[in-house]
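Working notes, beginning with the structure itself.
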Amino acid sequence: MTAPRLDTVTRSRTVERLVQGMPTSDGAGVKLTRVLTQNLQRRLDPFLMLDAFRNENPEDYMGGFPDHPHRGFETVTYMLAGRMRHHDSTGNEGLLGPGGAQWMTAGSGLIHSELPEQEDGLMEGFQLWVNLPAKNKMIAPYYRDIPSERIPEFTTDAGVTVRVIAGESQGVAGAVQRPDTEPLYLDVHLPAGGRFVQPLPVGHNAFLYTYRGEASVNGTAVADRHMAILANDGADGVVIDAAQPTRVILIAGQPLNEPIAQYGPFVMNTAAEIQQTLQDYRDGKFEAATVQSLEA
């Protein structure tokens, strides 16, 4: 679809810092790049982690992510290429394909797996962790699978294509709207010479990650596989330019400004809550969770 209007920004945020992700492996040996690490959680509140994966060698992804628990936050998986099947401890399952997303709220806790359903070819995408406010950390878990065709998409007059996973851009509402953290999640494809303008609330933390080409924000180049933390400098949005065909994800959200206590896949507010979480996990309470599947 064509964007119904062009949003304006009077001044673009600048780049506060460039971050090159750390190569690592997770799950059963999946090679990935950890872009948003634990030391950036306070700065990029409410976002806790961003992993990017781009593997053509099946040995780098075939092990997938076998059964593992979560509590206290949301996971957002966005696939660019490849197929990943997920399954949780209550028997719910689904298949993520190219261009699809899953928004899962772990809440009070569940156990799930994410396993590749392919034996060769490119596997590429992102997983973002979004914190939950203290009042919602123990809500019932649920998830929403969003096939590619259900993610709203528009193209500007300048030829920039934008997929709106969460939030709103140029009058187009995203597939997901979330309270409290009010996340914005855009996949932006810029042609050579393209420019994209996105308003951002002044108080929201924001960053972009280039996954093809090279973006430019206020004169600062953001190379492939680099994240730009956008300064909280009072500007009302961000202007992204590209001299060559470029793709970025742009993410922003309302900070919770609450204590963060993390132990691996558990994110609570206090050490005592983490200890209770560990006890609940040992007692099998995660396996007894009731998970709701919300259709896209």
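For the structure tokens, the naming scheme is as follows: chains receive sequential letters (A, B, ...) according to their order of presentation, residues are indexed from 1 within each chain, and ligands are indexed from 1 in presentation order.
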
### Those of segment 46-217 of chain A in DSSP strand (DSSP E), formatted as an MDAnalysis selection string
chainID A and resid 47:55 65:70 73:81 84:88 93:96 101:105 110:116 123:131 142:146 153:155 161:166 168:169 172:173 184:190 194:199 205:212 214:217

### Query
Ser113 of chain A: which residues within 12 Å, counting only C-alpha atoms, same-chain residues fewer than 6 positions away excluded, as a PyMOL selection string?
chain A and resi 27-28+63-70+84-95

What does the file look like for those residues with N, CA, C and O atoms, as a PDB file, in the first residue's frame?
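Result saved to out26.pdb:
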```pdb
ATOM      1  N   GLY A  27      21.482 -21.573  22.487  1.00  0.00           N
ATOM      2  CA  GLY A  27      20.717 -22.767  22.202  1.00  0.00           C
ATOM      3  C   GLY A  27      21.645 -23.961  22.034  1.00  0.00           C
ATOM      4  O   GLY A  27      22.595 -24.143  22.795  1.00  0.00           O
ATOM      5  N   ALA A  28      21.407 -24.754  20.995  1.00  0.00           N
ATOM      6  CA  ALA A  28      22.241 -25.928  20.716  1.00  0.00           C
ATOM      7  C   ALA A  28      23.290 -25.581  19.666  1.00  0.00           C
ATOM      8  O   ALA A  28      23.407 -26.218  18.624  1.00  0.00           O
ATOM      9  N   GLY A  63      20.931 -26.946  15.153  1.00  0.00           N
ATOM     10  CA  GLY A  63      20.595 -27.356  16.517  1.00  0.00           C
ATOM     11  C   GLY A  63      19.426 -26.599  17.107  1.00  0.00           C
ATOM     12  O   GLY A  63      18.733 -27.083  18.004  1.00  0.00           O
ATOM     13  N   GLY A  64      19.203 -25.387  16.607  1.00  0.00           N
ATOM     14  CA  GLY A  64      18.086 -24.583  17.077  1.00  0.00           C
ATOM     15  C   GLY A  64      18.165 -24.278  18.560  1.00  0.00           C
ATOM     16  O   GLY A  64      19.238 -24.286  19.181  1.00  0.00           O
ATOM     17  N   PHE A  65      16.991 -24.020  19.129  1.00  0.00           N
ATOM     18  CA  PHE A  65      16.886 -23.664  20.541  1.00  0.00           C
ATOM     19  C   PHE A  65      15.930 -24.652  21.209  1.00  0.00           C
ATOM     20  O   PHE A  65      14.713 -24.433  21.236  1.00  0.00           O
ATOM     21  N   PRO A  66      16.455 -25.778  21.723  1.00  0.00           N
ATOM     22  CA  PRO A  66      15.592 -26.770  22.383  1.00  0.00           C
ATOM     23  C   PRO A  66      14.914 -26.177  23.620  1.00  0.00           C
ATOM     24  O   PRO A  66      15.150 -25.012  23.979  1.00  0.00           O
ATOM     25  N   ASP A  67      14.087 -26.994  24.285  1.00  0.00           N
ATOM     26  CA  ASP A  67      13.277 -26.519  25.405  1.00  0.00           C
ATOM     27  C   ASP A  67      14.065 -25.630  26.372  1.00  0.00           C
ATOM     28  O   ASP A  67      15.136 -26.008  26.853  1.00  0.00           O
ATOM     29  N   HIS A  68      13.504 -24.440  26.633  1.00  0.00           N
ATOM     30  CA  HIS A  68      14.107 -23.520  27.598  1.00  0.00           C
ATOM     31  C   HIS A  68      12.997 -22.649  28.184  1.00  0.00           C
ATOM     32  O   HIS A  68      11.982 -22.389  27.528  1.00  0.00           O
ATOM     33  N   PRO A  69      13.183 -22.187  29.428  1.00  0.00           N
ATOM     34  CA  PRO A  69      12.130 -21.422  30.103  1.00  0.00           C
ATOM     35  C   PRO A  69      12.312 -19.914  29.935  1.00  0.00           C
ATOM     36  O   PRO A  69      13.393 -19.429  29.609  1.00  0.00           O
ATOM     37  N   HIS A  70      11.222 -19.173  30.174  1.00  0.00           N
ATOM     38  CA  HIS A  70      11.261 -17.710  30.243  1.00  0.00           C
ATOM     39  C   HIS A  70      10.260 -17.258  31.310  1.00  0.00           C
ATOM     40  O   HIS A  70       9.231 -17.902  31.528  1.00  0.00           O
ATOM     41  N   MET A  84      11.194 -21.575  11.074  1.00  0.00           N
ATOM     42  CA  MET A  84      11.449 -21.969  12.451  1.00  0.00           C
ATOM     43  C   MET A  84      10.138 -22.405  13.102  1.00  0.00           C
ATOM     44  O   MET A  84       9.157 -21.651  13.091  1.00  0.00           O
ATOM     45  N   ARG A  85      10.126 -23.623  13.621  1.00  0.00           N
ATOM     46  CA  ARG A  85       8.931 -24.113  14.311  1.00  0.00           C
ATOM     47  C   ARG A  85       9.106 -23.943  15.806  1.00  0.00           C
ATOM     48  O   ARG A  85      10.148 -24.261  16.369  1.00  0.00           O
ATOM     49  N   HIS A  86       8.062 -23.430  16.437  1.00  0.00           N
ATOM     50  CA  HIS A  86       8.098 -23.274  17.897  1.00  0.00           C
ATOM     51  C   HIS A  86       7.047 -24.164  18.540  1.00  0.00           C
ATOM     52  O   HIS A  86       6.020 -24.506  17.934  1.00  0.00           O
ATOM     53  N   HIS A  87       7.325 -24.537  19.759  1.00  0.00           N
ATOM     54  CA  HIS A  87       6.452 -25.432  20.515  1.00  0.00           C
ATOM     55  C   HIS A  87       6.588 -25.061  21.982  1.00  0.00           C
ATOM     56  O   HIS A  87       7.688 -24.766  22.447  1.00  0.00           O
ATOM     57  N   ASP A  88       5.467 -25.045  22.718  1.00  0.00           N
ATOM     58  CA  ASP A  88       5.580 -24.715  24.135  1.00  0.00           C
ATOM     59  C   ASP A  88       5.075 -25.860  25.010  1.00  0.00           C
ATOM     60  O   ASP A  88       4.555 -26.867  24.523  1.00  0.00           O
ATOM     61  N   SER A  89       5.248 -25.690  26.308  1.00  0.00           N
ATOM     62  CA  SER A  89       5.013 -26.773  27.257  1.00  0.00           C
ATOM     63  C   SER A  89       3.545 -27.157  27.396  1.00  0.00           C
ATOM     64  O   SER A  89       3.223 -28.148  28.054  1.00  0.00           O
ATOM     65  N   THR A  90       2.640 -26.401  26.793  1.00  0.00           N
ATOM     66  CA  THR A  90       1.228 -26.766  26.837  1.00  0.00           C
ATOM     67  C   THR A  90       0.754 -27.434  25.552  1.00  0.00           C
ATOM     68  O   THR A  90      -0.424 -27.763  25.426  1.00  0.00           O
ATOM     69  N   GLY A  91       1.663 -27.598  24.576  1.00  0.00           N
ATOM     70  CA  GLY A  91       1.287 -28.240  23.327  1.00  0.00           C
ATOM     71  C   GLY A  91       1.004 -27.295  22.188  1.00  0.00           C
ATOM     72  O   GLY A  91       0.773 -27.729  21.058  1.00  0.00           O
ATOM     73  N   ASN A  92       1.010 -25.980  22.454  1.00  0.00           N
ATOM     74  CA  ASN A  92       0.826 -25.023  21.362  1.00  0.00           C
ATOM     75  C   ASN A  92       2.058 -25.023  20.460  1.00  0.00           C
ATOM     76  O   ASN A  92       3.186 -25.165  20.934  1.00  0.00           O
ATOM     77  N   GLU A  93       1.837 -24.868  19.164  1.00  0.00           N
ATOM     78  CA  GLU A  93       2.968 -24.788  18.250  1.00  0.00           C
ATOM     79  C   GLU A  93       2.581 -24.001  17.010  1.00  0.00           C
ATOM     80  O   GLU A  93       1.404 -23.772  16.732  1.00  0.00           O
ATOM     81  N   GLY A  94       3.596 -23.558  16.276  1.00  0.00           N
ATOM     82  CA  GLY A  94       3.372 -22.821  15.044  1.00  0.00           C
ATOM     83  C   GLY A  94       4.649 -22.783  14.237  1.00  0.00           C
ATOM     84  O   GLY A  94       5.709 -23.199  14.706  1.00  0.00           O
ATOM     85  N   LEU A  95       4.544 -22.269  13.017  1.00  0.00           N
ATOM     86  CA  LEU A  95       5.681 -22.227  12.126  1.00  0.00           C
ATOM     87  C   LEU A  95       5.894 -20.796  11.653  1.00  0.00           C
ATOM     88  O   LEU A  95       4.999 -20.182  11.075  1.00  0.00           O
TER      89      LEU A  95
END
```

### Within 8 Å of Ala243 of chain A using only C-alpha atoms, minus same-chain residues under 4 positions, as an NGL selection string
:A and (191-194 or 214-215)

Any chance you could export the current selection's N, CA and C atoms as a short mmCIF file (atom, residue, chain, number, x, y, z; two decimals), in the first residue's frame?
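Result went into result.cif, see below:
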```cif
data_model
loop_
_atom_site.label_atom_id
_atom_site.label_comp_id
_atom_site.auth_asym_id
_atom_site.auth_seq_id
_atom_site.Cartn_x
_atom_site.Cartn_y
_atom_site.Cartn_z
N PRO A 191 15.99 2.54 -0.92
CA PRO A 191 16.74 2.44 -2.18
C PRO A 191 17.95 3.38 -2.13
N ALA A 192 18.83 3.26 -3.09
CA ALA A 192 19.95 4.19 -3.17
C ALA A 192 19.42 5.62 -3.28
N GLY A 193 19.93 6.50 -2.43
CA GLY A 193 19.47 7.87 -2.42
C GLY A 193 18.18 8.08 -1.63
N GLY A 194 17.71 7.03 -0.97
CA GLY A 194 16.44 7.11 -0.25
C GLY A 194 16.57 7.78 1.11
N GLU A 214 24.44 0.45 4.11
CA GLU A 214 24.95 1.39 5.10
C GLU A 214 23.99 2.56 5.24
N ALA A 215 23.48 2.77 6.43
CA ALA A 215 22.58 3.89 6.70
C ALA A 215 23.39 5.10 7.17
#
```

#### Entry: From A:Asn205, A:Gln276, A:Arg212, A:Leu128, residue lying nearest Arg42 of chain A [only C-alpha atoms]
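Among the listed residues, A:Asn205 lies closest to Arg42 of chain A.
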
### Query
Could you pull out the helix (DSSP H, G or I) residues of segment 126-254 of chain A from DSSP and send them as a PyMOL selection string?
chain A and resi 134-136+148-150

Selection above as a file: N, CA, C and O atoms, as a PDB file, in the first residue's frame:
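Printed below is out.pdb as written:
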```pdb
ATOM      1  N   ALA A 134       6.555  -4.280  36.271  1.00  0.00           N
ATOM      2  CA  ALA A 134       6.392  -5.119  37.462  1.00  0.00           C
ATOM      3  C   ALA A 134       4.956  -5.624  37.609  1.00  0.00           C
ATOM      4  O   ALA A 134       4.729  -6.785  37.970  1.00  0.00           O
ATOM      5  N   LYS A 135       3.985  -4.776  37.309  1.00  0.00           N
ATOM      6  CA  LYS A 135       2.581  -5.141  37.494  1.00  0.00           C
ATOM      7  C   LYS A 135       2.140  -6.274  36.571  1.00  0.00           C
ATOM      8  O   LYS A 135       1.117  -6.919  36.815  1.00  0.00           O
ATOM      9  N   ASN A 136       2.905  -6.521  35.492  1.00  0.00           N
ATOM     10  CA  ASN A 136       2.505  -7.522  34.494  1.00  0.00           C
ATOM     11  C   ASN A 136       3.444  -8.714  34.404  1.00  0.00           C
ATOM     12  O   ASN A 136       3.249  -9.585  33.550  1.00  0.00           O
ATOM     13  N   SER A 148       3.668 -13.313   7.346  1.00  0.00           N
ATOM     14  CA  SER A 148       4.176 -12.155   6.615  1.00  0.00           C
ATOM     15  C   SER A 148       3.051 -11.294   6.035  1.00  0.00           C
ATOM     16  O   SER A 148       3.108 -10.056   6.095  1.00  0.00           O
ATOM     17  N   GLU A 149       2.023 -11.939   5.495  1.00  0.00           N
ATOM     18  CA  GLU A 149       0.964 -11.171   4.840  1.00  0.00           C
ATOM     19  C   GLU A 149       0.113 -10.369   5.821  1.00  0.00           C
ATOM     20  O   GLU A 149      -0.663  -9.500   5.419  1.00  0.00           O
ATOM     21  N   ARG A 150       0.253 -10.634   7.124  1.00  0.00           N
ATOM     22  CA  ARG A 150      -0.510  -9.897   8.127  1.00  0.00           C
ATOM     23  C   ARG A 150       0.286  -8.723   8.715  1.00  0.00           C
ATOM     24  O   ARG A 150      -0.225  -8.023   9.597  1.00  0.00           O
TER      25      ARG A 150
END
```
